[in-house]
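A.B. asks: Dropping in coords.txt, with compact mmCIF, C-alpha atoms.
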```
# COMPACT_ATOMS: atom_id res chain seq x y z
CA MET A 117 364.55 227.12 139.15
CA PRO A 118 363.55 225.77 142.57
CA SER A 119 364.25 222.04 142.78
CA PHE A 120 360.64 221.18 143.60
CA LEU A 121 359.41 222.66 140.28
CA THR A 122 359.58 220.66 137.07
CA PRO A 123 359.90 222.76 133.89
CA SER A 124 356.18 222.35 133.13
CA ARG A 125 355.14 223.33 136.65
CA ALA A 126 357.58 226.23 136.65
CA ALA A 127 355.89 227.60 133.55
CA LEU A 128 352.60 227.61 135.40
CA PHE A 129 353.99 229.75 138.17
CA SER A 130 356.42 231.96 136.25
CA HIS A 131 354.40 234.99 137.37
CA VAL A 132 355.48 234.47 140.98
CA PRO A 133 358.35 236.92 141.71
CA LEU A 134 361.31 235.39 143.49
CA SER A 135 363.80 237.79 145.09
CA CYS A 136 367.09 235.95 145.57
CA SER A 137 370.53 236.05 147.08
CA LEU A 138 373.67 234.44 145.68
CA SER A 139 375.00 231.37 147.41
CA ARG A 140 378.75 231.64 148.09
CA SER A 141 379.30 227.97 147.43
CA SER A 142 377.31 227.52 144.25
CA GLY A 143 376.80 231.00 142.96
CA ARG A 144 373.17 230.13 142.34
CA CYS A 145 370.24 232.40 143.00
CA HIS A 146 368.07 231.29 145.95
CA PRO A 147 364.96 233.02 147.30
CA PRO A 148 364.93 233.94 150.99
CA PRO A 149 363.71 231.06 153.25
CA SER A 150 360.38 232.76 154.02
CA ARG A 151 359.70 233.35 150.33
CA ARG A 152 360.69 229.77 149.49
CA LEU A 153 358.21 228.43 152.06
CA ARG A 154 355.40 230.63 150.77
CA THR A 155 356.11 229.64 147.18
CA MET A 156 356.25 225.96 148.05
CA ALA A 157 352.92 226.20 149.91
CA PHE A 158 351.35 227.98 146.95
CA VAL A 159 352.59 225.35 144.48
CA THR A 160 351.46 222.52 146.76
CA ARG A 161 347.95 223.95 147.01
CA GLN A 162 347.72 224.35 143.25
CA PHE A 163 348.98 220.82 142.70
CA VAL A 164 346.49 219.33 145.19
CA ARG A 165 343.64 221.27 143.59
CA SER A 166 344.71 220.02 140.18
CA VAL A 167 344.87 216.40 141.30
CA SER A 168 341.55 216.69 143.17
CA SER A 169 339.84 218.22 140.16
CA SER A 170 341.21 215.51 137.89
CA SER A 171 340.03 212.78 140.26
CA THR A 172 336.55 214.27 140.45
CA ALA A 173 336.32 214.57 136.70
CA SER A 174 337.59 211.02 136.28
CA ALA A 175 335.02 209.65 138.75
CA ALA A 176 332.22 211.55 137.03
CA ALA A 177 333.32 210.21 133.65
CA LYS A 178 333.07 206.66 134.97
CA LYS A 179 329.43 207.00 136.04
CA ILE A 180 326.81 205.55 133.72
CA ILE A 181 324.53 208.18 132.24
CA VAL A 182 321.26 206.32 131.84
CA LYS A 183 319.53 207.11 128.57
CA HIS A 184 317.91 203.81 127.63
CA VAL A 185 315.81 201.98 130.23
CA THR A 186 314.28 198.51 130.05
CA VAL A 187 311.39 197.92 132.49
CA LEU A 188 310.47 194.31 133.22
CA GLY A 189 306.80 194.00 134.14
CA GLY A 190 303.88 196.02 132.80
CA GLY A 191 301.82 196.02 135.97
CA LEU A 192 300.97 199.01 138.13
CA MET A 193 304.55 199.66 139.28
CA GLY A 194 306.29 198.76 136.02
CA ALA A 195 303.96 200.92 133.95
CA GLY A 196 304.48 203.80 136.38
CA ILE A 197 308.26 203.51 136.18
CA ALA A 198 308.09 203.37 132.38
CA GLN A 199 305.89 206.48 132.34
CA VAL A 200 308.13 208.68 134.50
CA ALA A 201 311.24 207.51 132.66
CA ALA A 202 309.77 208.33 129.25
CA ALA A 203 308.33 211.64 130.48
CA SER A 204 311.79 212.71 131.63
CA GLY A 205 313.44 212.13 128.25
CA HIS A 206 314.55 208.50 128.49
CA THR A 207 313.99 205.88 125.82
CA VAL A 208 311.99 203.06 127.39
CA MET A 209 311.43 199.42 126.52
CA LEU A 210 308.53 197.90 128.46
CA VAL A 211 308.54 194.10 128.71
CA ASP A 212 305.86 191.64 129.77
CA GLN A 213 304.66 188.13 128.92
CA THR A 214 301.91 188.91 126.42
CA ASP A 215 300.94 191.62 123.97
CA GLU A 216 297.55 191.87 125.68
CA ILE A 217 299.15 192.80 128.99
CA LEU A 218 301.39 195.34 127.25
CA ALA A 219 298.44 196.90 125.40
CA LYS A 220 296.64 197.32 128.71
CA SER A 221 299.79 198.82 130.26
CA LYS A 222 300.19 201.29 127.40
CA LYS A 223 296.55 202.33 127.70
CA GLY A 224 296.94 202.86 131.44
CA ILE A 225 300.05 204.96 130.85
CA GLU A 226 298.21 207.13 128.32
CA GLU A 227 295.34 207.71 130.73
CA SER A 228 297.76 208.63 133.49
CA LEU A 229 299.67 210.99 131.19
CA ARG A 230 296.48 212.79 130.21
CA LYS A 231 295.74 213.43 133.87
CA VAL A 232 299.25 214.83 134.30
CA ALA A 233 298.93 216.95 131.15
CA LYS A 234 295.53 218.32 132.19
CA LYS A 235 297.04 219.62 135.40
CA LYS A 236 300.48 220.61 134.05
CA PHE A 237 299.23 222.28 130.87
CA ALA A 238 295.86 223.58 132.11
CA GLU A 239 296.18 226.78 130.07
CA ASN A 240 297.68 225.16 126.98
CA PRO A 241 295.82 221.95 126.00
CA LYS A 242 297.75 221.67 122.73
CA ALA A 243 301.05 221.52 124.60
CA GLY A 244 299.49 218.90 126.85
CA ASP A 245 298.58 216.73 123.87
CA GLU A 246 302.10 217.10 122.49
CA PHE A 247 303.53 216.08 125.87
CA VAL A 248 301.38 212.94 125.94
CA GLN A 249 302.25 211.91 122.39
CA LYS A 250 305.96 212.60 122.80
CA THR A 251 306.08 210.55 126.00
CA LEU A 252 304.17 207.65 124.47
CA SER A 253 306.46 207.67 121.44
CA SER A 254 309.41 207.07 123.77
CA ILE A 255 307.90 203.80 125.04
CA THR A 256 308.28 200.61 123.00
CA THR A 257 306.92 197.24 124.09
CA THR A 258 308.12 193.67 123.61
CA THR A 259 307.62 190.20 125.01
CA ASP A 260 311.26 189.21 124.43
CA ALA A 261 313.48 190.79 127.07
CA ALA A 262 316.63 188.96 125.97
CA SER A 263 316.49 190.57 122.52
CA VAL A 264 316.55 194.15 123.85
CA VAL A 265 318.80 194.23 126.93
CA HIS A 266 321.98 194.28 124.83
CA SER A 267 321.41 197.97 124.07
CA THR A 268 320.09 199.23 127.41
CA ASP A 269 321.84 201.15 130.17
CA LEU A 270 319.51 200.12 132.98
CA VAL A 271 317.17 197.19 133.57
CA VAL A 272 314.51 197.78 136.23
CA GLU A 273 312.55 194.70 137.33
CA ALA A 274 309.01 195.06 138.66
CA ILE A 275 307.53 191.57 138.39
CA VAL A 276 305.92 189.18 140.89
CA GLU A 277 307.47 189.06 144.39
CA ASN A 278 308.94 185.60 143.97
CA LEU A 279 312.66 185.12 144.50
CA LYS A 280 312.94 182.06 142.25
CA VAL A 281 311.17 183.78 139.36
CA LYS A 282 313.30 186.92 139.71
CA ASN A 283 316.52 184.91 139.91
CA GLU A 284 315.69 182.90 136.81
CA LEU A 285 314.88 186.06 134.86
CA PHE A 286 318.02 187.96 135.87
CA GLN A 287 320.24 184.92 135.37
CA ARG A 288 319.01 184.64 131.80
CA LEU A 289 319.25 188.34 130.99
CA ASP A 290 322.73 188.54 132.48
CA LYS A 291 324.01 186.54 129.51
CA PHE A 292 322.60 189.01 126.97
CA ALA A 293 323.02 192.40 128.63
CA ALA A 294 325.92 194.70 127.78
CA GLU A 295 328.89 194.86 130.14
CA HIS A 296 328.01 198.33 131.39
CA THR A 297 324.31 197.61 131.95
CA ILE A 298 323.04 198.08 135.51
CA PHE A 299 320.41 195.72 136.91
CA ALA A 300 317.94 196.93 139.55
CA SER A 301 314.96 195.42 141.33
CA ASN A 302 311.89 197.28 142.55
CA THR A 303 311.18 194.61 145.19
CA SER A 304 309.76 195.80 148.48
CA SER A 305 310.07 192.51 150.35
CA LEU A 306 313.03 190.48 149.07
CA GLN A 307 316.73 190.82 149.78
CA ILE A 308 318.51 192.56 146.91
CA THR A 309 321.68 190.54 147.55
CA SER A 310 319.78 187.28 147.07
CA ILE A 311 318.57 188.47 143.67
CA ALA A 312 321.95 189.88 142.63
CA ASN A 313 323.68 186.58 143.41
CA ALA A 314 321.89 185.01 140.45
CA THR A 315 324.02 187.16 138.14
CA THR A 316 327.71 187.78 137.46
CA ARG A 317 327.30 191.54 137.89
CA GLN A 318 326.82 191.94 141.62
CA ASP A 319 328.76 195.21 141.47
CA ARG A 320 326.26 196.52 138.91
CA PHE A 321 323.18 195.44 140.83
CA ALA A 322 321.10 197.46 143.31
CA GLY A 323 317.58 198.12 144.50
CA LEU A 324 315.38 200.91 143.15
CA HIS A 325 312.25 200.92 145.29
CA PHE A 326 309.58 203.22 143.87
CA PHE A 327 306.30 203.98 145.61
CA ASN A 328 302.74 203.72 144.34
CA PRO A 329 301.49 205.65 142.43
CA VAL A 330 304.89 206.14 140.78
CA PRO A 331 303.99 209.32 138.81
CA VAL A 332 302.90 211.02 142.04
CA MET A 333 305.17 209.72 144.80
CA LYS A 334 308.50 211.55 144.93
CA LEU A 335 310.49 209.06 146.99
CA VAL A 336 312.80 206.34 145.64
CA GLU A 337 314.83 204.15 147.98
CA VAL A 338 318.21 203.35 146.40
CA ILE A 339 319.41 200.10 147.97
CA LYS A 340 323.12 199.40 148.03
CA THR A 341 324.28 195.85 148.72
CA PRO A 342 327.79 195.09 150.06
CA MET A 343 328.81 194.31 146.46
CA THR A 344 327.22 197.33 144.74
CA SER A 345 329.95 199.60 143.40
CA GLN A 346 330.02 203.29 144.20
CA LYS A 347 329.87 203.96 140.46
CA THR A 348 326.61 202.00 140.19
CA PHE A 349 325.13 203.64 143.27
CA GLU A 350 325.92 207.17 142.07
CA SER A 351 324.62 206.38 138.60
CA LEU A 352 321.28 205.28 140.06
CA VAL A 353 321.08 208.33 142.32
CA ASP A 354 321.62 210.54 139.27
CA PHE A 355 318.97 208.57 137.36
CA THR A 356 316.34 208.99 140.07
CA LYS A 357 317.04 212.72 140.23
CA ALA A 358 316.66 212.91 136.44
CA LEU A 359 313.19 211.42 136.90
CA GLY A 360 312.32 214.29 139.22
CA LYS A 361 312.35 212.00 142.25
CA HIS A 362 314.03 212.33 145.63
CA PRO A 363 316.44 209.44 146.28
CA VAL A 364 317.31 208.18 149.75
CA SER A 365 320.01 205.62 150.43
CA CYS A 366 319.60 202.46 152.48
CA LYS A 367 321.55 199.28 153.06
CA ASP A 368 320.07 195.96 152.02
CA THR A 369 318.06 195.51 155.21
CA PRO A 370 314.58 193.90 155.36
CA GLY A 371 311.85 196.41 154.54
CA PHE A 372 314.44 199.08 153.72
CA ILE A 373 313.39 202.35 155.40
CA VAL A 374 309.71 202.98 154.78
CA ASN A 375 308.30 199.47 155.09
CA ARG A 376 310.53 198.66 158.05
CA LEU A 377 308.78 201.46 159.94
CA LEU A 378 305.37 201.30 158.27
CA VAL A 379 304.41 197.62 158.46
CA PRO A 380 304.65 197.27 162.27
CA TYR A 381 302.36 200.30 162.53
CA LEU A 382 299.84 198.70 160.17
CA MET A 383 299.94 195.39 162.05
CA GLU A 384 299.38 197.12 165.37
CA ALA A 385 296.34 198.89 163.92
CA ILE A 386 294.82 195.55 162.99
CA ARG A 387 295.51 194.15 166.46
CA LEU A 388 293.87 197.21 167.99
CA TYR A 389 290.73 196.49 165.96
CA GLU A 390 290.87 192.74 166.64
CA ARG A 391 290.82 193.34 170.37
CA GLY A 392 287.75 195.53 169.99
CA ASP A 393 289.56 198.58 171.35
CA ALA A 394 288.33 200.82 168.54
CA SER A 395 286.51 200.65 165.23
CA LYS A 396 288.47 200.70 162.00
CA GLU A 397 286.81 204.02 161.07
CA ASP A 398 287.85 205.63 164.35
CA ILE A 399 291.38 204.26 164.02
CA ASP A 400 291.69 205.78 160.54
CA THR A 401 290.20 209.07 161.69
CA ALA A 402 292.47 209.21 164.74
CA MET A 403 295.64 208.81 162.69
CA LYS A 404 294.54 211.33 160.07
CA LEU A 405 293.47 214.03 162.49
CA GLY A 406 295.82 213.23 165.36
CA ALA A 407 299.02 212.34 163.50
CA GLY A 408 298.40 214.30 160.31
CA TYR A 409 298.58 211.20 158.08
CA PRO A 410 296.83 211.53 154.70
CA MET A 411 295.39 208.03 155.11
CA GLY A 412 294.52 205.92 158.11
CA PRO A 413 296.14 202.47 158.45
CA PHE A 414 293.14 200.55 157.09
CA GLU A 415 292.78 202.85 154.10
CA LEU A 416 296.49 202.45 153.43
CA LEU A 417 296.33 198.66 153.74
CA ASP A 418 293.57 198.67 151.13
CA TYR A 419 295.70 200.82 148.85
CA VAL A 420 298.91 198.81 149.27
CA GLY A 421 297.14 195.43 149.26
CA LEU A 422 297.10 192.82 151.99
CA ASP A 423 298.96 190.36 149.77
CA THR A 424 301.78 192.87 149.23
CA THR A 425 301.92 193.65 152.94
CA LYS A 426 302.21 189.95 153.73
CA PHE A 427 305.02 189.61 151.16
CA ILE A 428 306.94 192.28 153.07
CA ILE A 429 306.41 190.53 156.40
CA ASP A 430 307.42 187.14 154.97
CA GLY A 431 310.48 188.69 153.32
CA ALA A 432 311.57 190.15 156.64
CA MET A 433 311.16 186.76 158.31
CA LEU A 434 313.36 185.14 155.68
CA ASN A 435 316.06 187.71 156.31
CA GLY A 436 316.36 187.54 160.06
CA ILE A 437 313.72 189.88 161.44
CA ASN A 438 311.82 188.03 164.16
CA MET A 439 308.15 188.54 163.39
CA SER A 440 307.17 186.99 166.72
CA LYS A 441 308.23 190.18 168.46
CA LYS A 442 305.32 192.29 169.65
CA LEU A 443 305.42 194.97 166.97
CA HIS A 444 306.07 192.47 164.19
CA LYS A 445 303.84 189.59 165.25
CA GLN A 446 301.75 188.41 162.31
CA VAL A 447 298.04 188.96 162.62
CA PRO A 448 296.17 185.70 161.87
CA LEU A 449 293.26 187.46 160.20
CA SER A 450 295.48 189.53 157.91
CA THR A 451 297.40 186.40 156.91
CA ALA A 452 294.22 184.45 156.19
CA THR A 453 292.68 187.39 154.36
CA ALA A 454 295.73 187.95 152.15
CA ALA A 455 295.64 184.27 151.21
CA GLY A 456 291.93 184.38 150.42
CA GLY A 457 292.22 185.47 146.80
CA PRO A 458 291.28 188.67 144.93
CA GLU A 459 287.95 189.04 146.69
CA SER A 460 289.70 189.12 150.06
CA ARG A 461 292.14 191.97 149.48
CA SER A 462 290.28 194.92 150.95
CA TYR A 463 289.21 195.98 154.41
CA HIS A 464 286.50 198.29 153.09
CA VAL A 465 283.92 196.20 151.26
CA SER A 466 280.52 197.24 152.54
CA ASP A 467 276.92 196.03 152.22
CA VAL A 468 277.77 192.54 151.03
CA GLY A 469 275.06 190.25 152.36
CA SER A 470 274.52 190.40 156.10
CA CYS A 471 278.13 189.85 157.14
CA HIS A 472 279.56 192.73 159.14
CA SER A 473 282.18 191.15 161.41
CA TRP A 474 285.71 189.78 161.27
CA THR A 475 284.32 186.23 161.47
CA CYS A 476 283.84 186.16 157.71
CA THR A 477 286.74 188.44 156.79
CA CYS A 478 288.71 185.52 155.41
CA ARG A 479 285.99 184.97 152.82
CA LYS A 480 284.74 188.39 151.70
CA LEU A 481 285.99 191.15 154.00
CA CYS A 482 282.50 192.62 154.23
CA LEU A 483 282.97 194.94 157.13
```
Translate this structure into structure tokens?
C.D. replies:
Amino acid sequence: MPSFLTPSRAALFSHVPLSCSLSRSSGRCHPPPSRRLRTMAFVTRQFVRSVSSSSTASAAAKKIIVKHVTVLGGGLMGAGIAQVAAASGHTVMLVDQTDEILAKSKKGIEESLRKVAKKKFAENPKAGDEFVQKTLSSITTTTDAASVVHSTDLVVEAIVENLKVKNELFQRLDKFAAEHTIFASNTSSLQITSIANATTRQDRFAGLHFFNPVPVMKLVEVIKTPMTSQKTFESLVDFTKALGKHPVSCKDTPGFIVNRLLVPYLMEAIRLYERGDASKEDIDTAMKLGAGYPMGPFELLDYVGLDTTKFIIDGAMLNGINMSKKLHKQVPLSTATAAGGPESRSYHVSDVGSCHSWTCTCRKLCL
């Protein structure tokens, strides 16, 4: 037997014919040098393939297969995340502060599911009804997050964009969650690392940034901090694919990918209007017909919300992006408008009194 083959390895390659010649000194049978080299190369390749295959299988075995998801926050984003998770076969626990909020969330999910079913099962209404009921049956609600995170694989947070509130919530849940449980935040404006630092599982913490409306938008930004493990990252990528979404990876940089590019564009549109260079209607029309965008910047700002947009800008400022630069300079009117309360969160409120200029935007946005 060649010296580089152990008995077990030799058995694997016993089919390889070895012509040999007797050594005068030892009387042993040795294959010719060329045959020895070819055999050694063959064995080496097989061994490397075996090790590589074992490593791949081992890495795959270590990934968390997400089956049970806990969603914190029953608002627009949280309800959407709960819906797509349940619709793709996951067991979902939806958490919020009151039963009234959760009842409203569940009703909104049902309405959204019926729209999906009407389109997906247009020729089979019965199957559509079954789809709705099955999905709803996979969603349970509670007001006590600490009592349910012990049995979940993934916690996705979609609550108010307030770092202190998020940190307090994750710090508390960290004590009750299982060792393997992954924590993720849907924040669009705060640094993931700053949230993760409130826990003892920084390696099992990442960002999962969904887009509104969640059931429709295919993109999910998977945010990996310097402490996020590769196992956690790959587990979340697999989870987003299981939802039928398209994941993209980004480091923990302010605004991530989409908002880092989108918000300066939105701010410049407002400045263009402020200077009187063009009307908001013409700006929207120009970007839809000239750039092929489905919405103009003012329509999109209405959809996203001025308060949310300001959160993103403020979050970038906190994390080192200089908003005084030309393309990031805050627009005074957008800041005042976003701070003006619920009635001041839209650019397209028409026929309210006789106000039709930016001078009263901070009060009613009646353009």
A.B. asks: What does the distance between CA of Thr259 (chain A) and CA of Asp215 (chain A) come to in Å, to one decimal place?
C.D. replies: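 Here the two named atoms are 6.9 Å from each other.
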A.B. asks: Find the spatial neighbours of region 188-195 of chain A, counting all atoms listed in the file, within a cut-off of 6 Å - ignore same-chain residues fewer than 3 positions away - and output them as an NGL selection string.
C.D. replies: :A and (198 or 211-212 or 221 or 273-275)
A.B. asks: Would you export the selected residues with C-alpha atoms as a compact mmCIF listing (two decimals), keeping the file's coordinate frame, please?
C.D. replies:
```txt
# COMPACT_ATOMS: atom_id res chain seq x y z
CA ALA A 198 308.09 203.37 132.38
CA VAL A 211 308.54 194.10 128.71
CA ASP A 212 305.86 191.64 129.77
CA SER A 221 299.79 198.82 130.26
CA GLU A 273 312.55 194.70 137.33
CA ALA A 274 309.01 195.06 138.66
CA ILE A 275 307.53 191.57 138.39
```
A.B. asks: CA of Pro413 (chain A) to CA of Asp400 (chain A): how many Å, to one decimal?
C.D. replies: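 For CA of Pro413 (chain A) relative to CA of Asp400 (chain A), the distance reads 5.9 Å.
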A.B. asks: How far is it from CA of His325 (chain A) to CA of Gly431 (chain A), in Å with one decimal?
C.D. replies: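 Going from CA of His325 (chain A) over to CA of Gly431 (chain A), I get 14.7 Å.
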A.B. asks: May I have a table of the residues of region 338-439 of chain A lying at most 10 Å from region 284-302 of chain A, giving each one's closest pair of atoms and their distance in Å to one decimal, counting only C-alpha atoms, ordered by chain and ascending residue number, as CSV?
C.D. replies:
```
residue,atom,partner,partner_atom,distance
A:Val338,CA,A:Ala300,CA,9.4
A:Ile339,CA,A:Ala300,CA,9.1
A:Thr348,CA,A:Ile298,CA,7.1
A:Phe349,CA,A:Ile298,CA,9.8
A:Ser351,CA,A:Ile298,CA,9.0
A:Leu352,CA,A:Ile298,CA,8.7
```
A.B. asks: Kindly export the residues of the current selection with C-alpha atoms, as a CSV table (one decimal), keeping the file's coordinate frame.
C.D. replies:
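Writing done, so here's result.csv:
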```csv
chain,number,residue,atom,x,y,z
A,338,VAL,CA,318.2,203.4,146.4
A,339,ILE,CA,319.4,200.1,148.0
A,348,THR,CA,326.6,202.0,140.2
A,349,PHE,CA,325.1,203.6,143.3
A,351,SER,CA,324.6,206.4,138.6
A,352,LEU,CA,321.3,205.3,140.1
```
A.B. asks: Using all atoms listed in the file, can you tell me which of A:Val248, A:Val353, A:Ile217, A:Ala322 comes closest to Leu335 (chain A)?
C.D. replies: A:Val353
A.B. asks: May I ask which of the residues A:Phe372, A:Tyr419, A:Phe414, A:Phe355 is the closest one to Lys179 (chain A), counting all atoms listed in the file?
C.D. replies: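 Comparing A:Phe372, A:Tyr419, A:Phe414, A:Phe355 against Lys179 (chain A), the winner is A:Phe355.
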A.B. asks: From the list A:Val276, A:Val200, A:Ile386, A:Val336, which residue is nearest Val364 (chain A) when using all atoms listed in the file?
C.D. replies: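 Counting all atoms listed in the file, the residue closest to Val364 (chain A) is A:Val336.
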A.B. asks: Contacts of region 222-231 of chain A at 10 Å or less, counting all atoms listed in the file, minus same-chain residues fewer than 2 places along, as JSON, numbers by chain?
C.D. replies: {"A": [190, 191, 192, 195, 196, 197, 198, 199, 200, 203, 210, 216, 217, 218, 219, 220, 233, 234, 235, 236, 237, 244, 245, 247, 248, 249, 251, 252, 255, 256, 257, 331]}
A.B. asks: Tell me, as a PDB file with C-alpha atoms, in the frame of the given file, which residues lie within 12 Å of Met411 (chain A), counting all atoms listed in the file; anything in the same chain fewer than 5 positions away does not count.
C.D. replies:
```
ATOM      1  CA  LEU A 382     299.840 198.700 160.170  1.00  0.00           C
ATOM      2  CA  GLU A 397     286.810 204.020 161.070  1.00  0.00           C
ATOM      3  CA  ILE A 399     291.380 204.260 164.020  1.00  0.00           C
ATOM      4  CA  ASP A 400     291.690 205.780 160.540  1.00  0.00           C
ATOM      5  CA  THR A 401     290.200 209.070 161.690  1.00  0.00           C
ATOM      6  CA  ALA A 402     292.470 209.210 164.740  1.00  0.00           C
ATOM      7  CA  MET A 403     295.640 208.810 162.690  1.00  0.00           C
ATOM      8  CA  LYS A 404     294.540 211.330 160.070  1.00  0.00           C
ATOM      9  CA  LEU A 405     293.470 214.030 162.490  1.00  0.00           C
ATOM     10  CA  GLY A 406     295.820 213.230 165.360  1.00  0.00           C
ATOM     11  CA  LEU A 416     296.490 202.450 153.430  1.00  0.00           C
ATOM     12  CA  LEU A 417     296.330 198.660 153.740  1.00  0.00           C
ATOM     13  CA  ASP A 418     293.570 198.670 151.130  1.00  0.00           C
ATOM     14  CA  TYR A 419     295.700 200.820 148.850  1.00  0.00           C
ATOM     15  CA  VAL A 420     298.910 198.810 149.270  1.00  0.00           C
TER      16      VAL A 420
END
```
A.B. asks: Can you put all heavy atoms back into region 221-228 of chain A and show it as a short mmCIF file (atom, residue, chain, number, x, y, z; two decimals), in the coordinates of the input?
C.D. replies:
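As written to disk, result_29.cif reads:
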```
data_model
loop_
_atom_site.label_atom_id
_atom_site.label_comp_id
_atom_site.auth_asym_id
_atom_site.auth_seq_id
_atom_site.Cartn_x
_atom_site.Cartn_y
_atom_site.Cartn_z
N SER A 221 298.83 197.94 129.58
CA SER A 221 299.79 198.82 130.26
C SER A 221 299.92 200.15 129.52
O SER A 221 299.92 201.22 130.14
CB SER A 221 301.16 198.14 130.34
OG SER A 221 301.10 196.94 131.07
N LYS A 222 300.03 200.08 128.22
CA LYS A 222 300.19 201.29 127.40
C LYS A 222 298.95 202.19 127.52
O LYS A 222 299.06 203.41 127.60
CB LYS A 222 300.42 200.88 125.95
CG LYS A 222 301.13 201.92 125.09
CD LYS A 222 302.61 201.92 125.30
CE LYS A 222 303.30 202.98 124.45
NZ LYS A 222 303.37 202.64 123.02
N LYS A 223 297.78 201.57 127.55
CA LYS A 223 296.55 202.33 127.70
C LYS A 223 296.50 203.01 129.06
O LYS A 223 296.11 204.18 129.17
CB LYS A 223 295.34 201.40 127.54
CG LYS A 223 294.00 202.12 127.62
CD LYS A 223 292.83 201.15 127.45
CE LYS A 223 291.50 201.88 127.57
NZ LYS A 223 290.34 200.95 127.44
N GLY A 224 296.91 202.28 130.10
CA GLY A 224 296.94 202.86 131.44
C GLY A 224 297.92 204.02 131.53
O GLY A 224 297.64 205.04 132.19
N ILE A 225 299.06 203.89 130.86
CA ILE A 225 300.05 204.96 130.85
C ILE A 225 299.48 206.21 130.16
O ILE A 225 299.65 207.33 130.63
CB ILE A 225 301.35 204.50 130.14
CG1 ILE A 225 302.05 203.43 130.99
CG2 ILE A 225 302.28 205.68 129.89
CD1 ILE A 225 303.23 202.78 130.30
N GLU A 226 298.79 206.00 129.04
CA GLU A 226 298.21 207.13 128.32
C GLU A 226 297.17 207.86 129.18
O GLU A 226 297.15 209.10 129.23
CB GLU A 226 297.56 206.66 127.02
CG GLU A 226 296.97 207.80 126.22
CD GLU A 226 296.41 207.37 124.87
OE1 GLU A 226 296.51 206.16 124.56
OE2 GLU A 226 295.89 208.23 124.15
N GLU A 227 296.34 207.10 129.86
CA GLU A 227 295.34 207.71 130.73
C GLU A 227 295.99 208.50 131.86
O GLU A 227 295.56 209.61 132.19
CB GLU A 227 294.43 206.62 131.31
CG GLU A 227 293.53 205.97 130.27
CD GLU A 227 292.74 204.80 130.85
OE1 GLU A 227 293.00 204.43 132.02
OE2 GLU A 227 291.88 204.25 130.14
N SER A 228 297.04 207.94 132.42
CA SER A 228 297.76 208.63 133.49
C SER A 228 298.43 209.90 132.98
O SER A 228 298.40 210.95 133.64
CB SER A 228 298.81 207.69 134.10
OG SER A 228 299.57 208.35 135.09
#
```
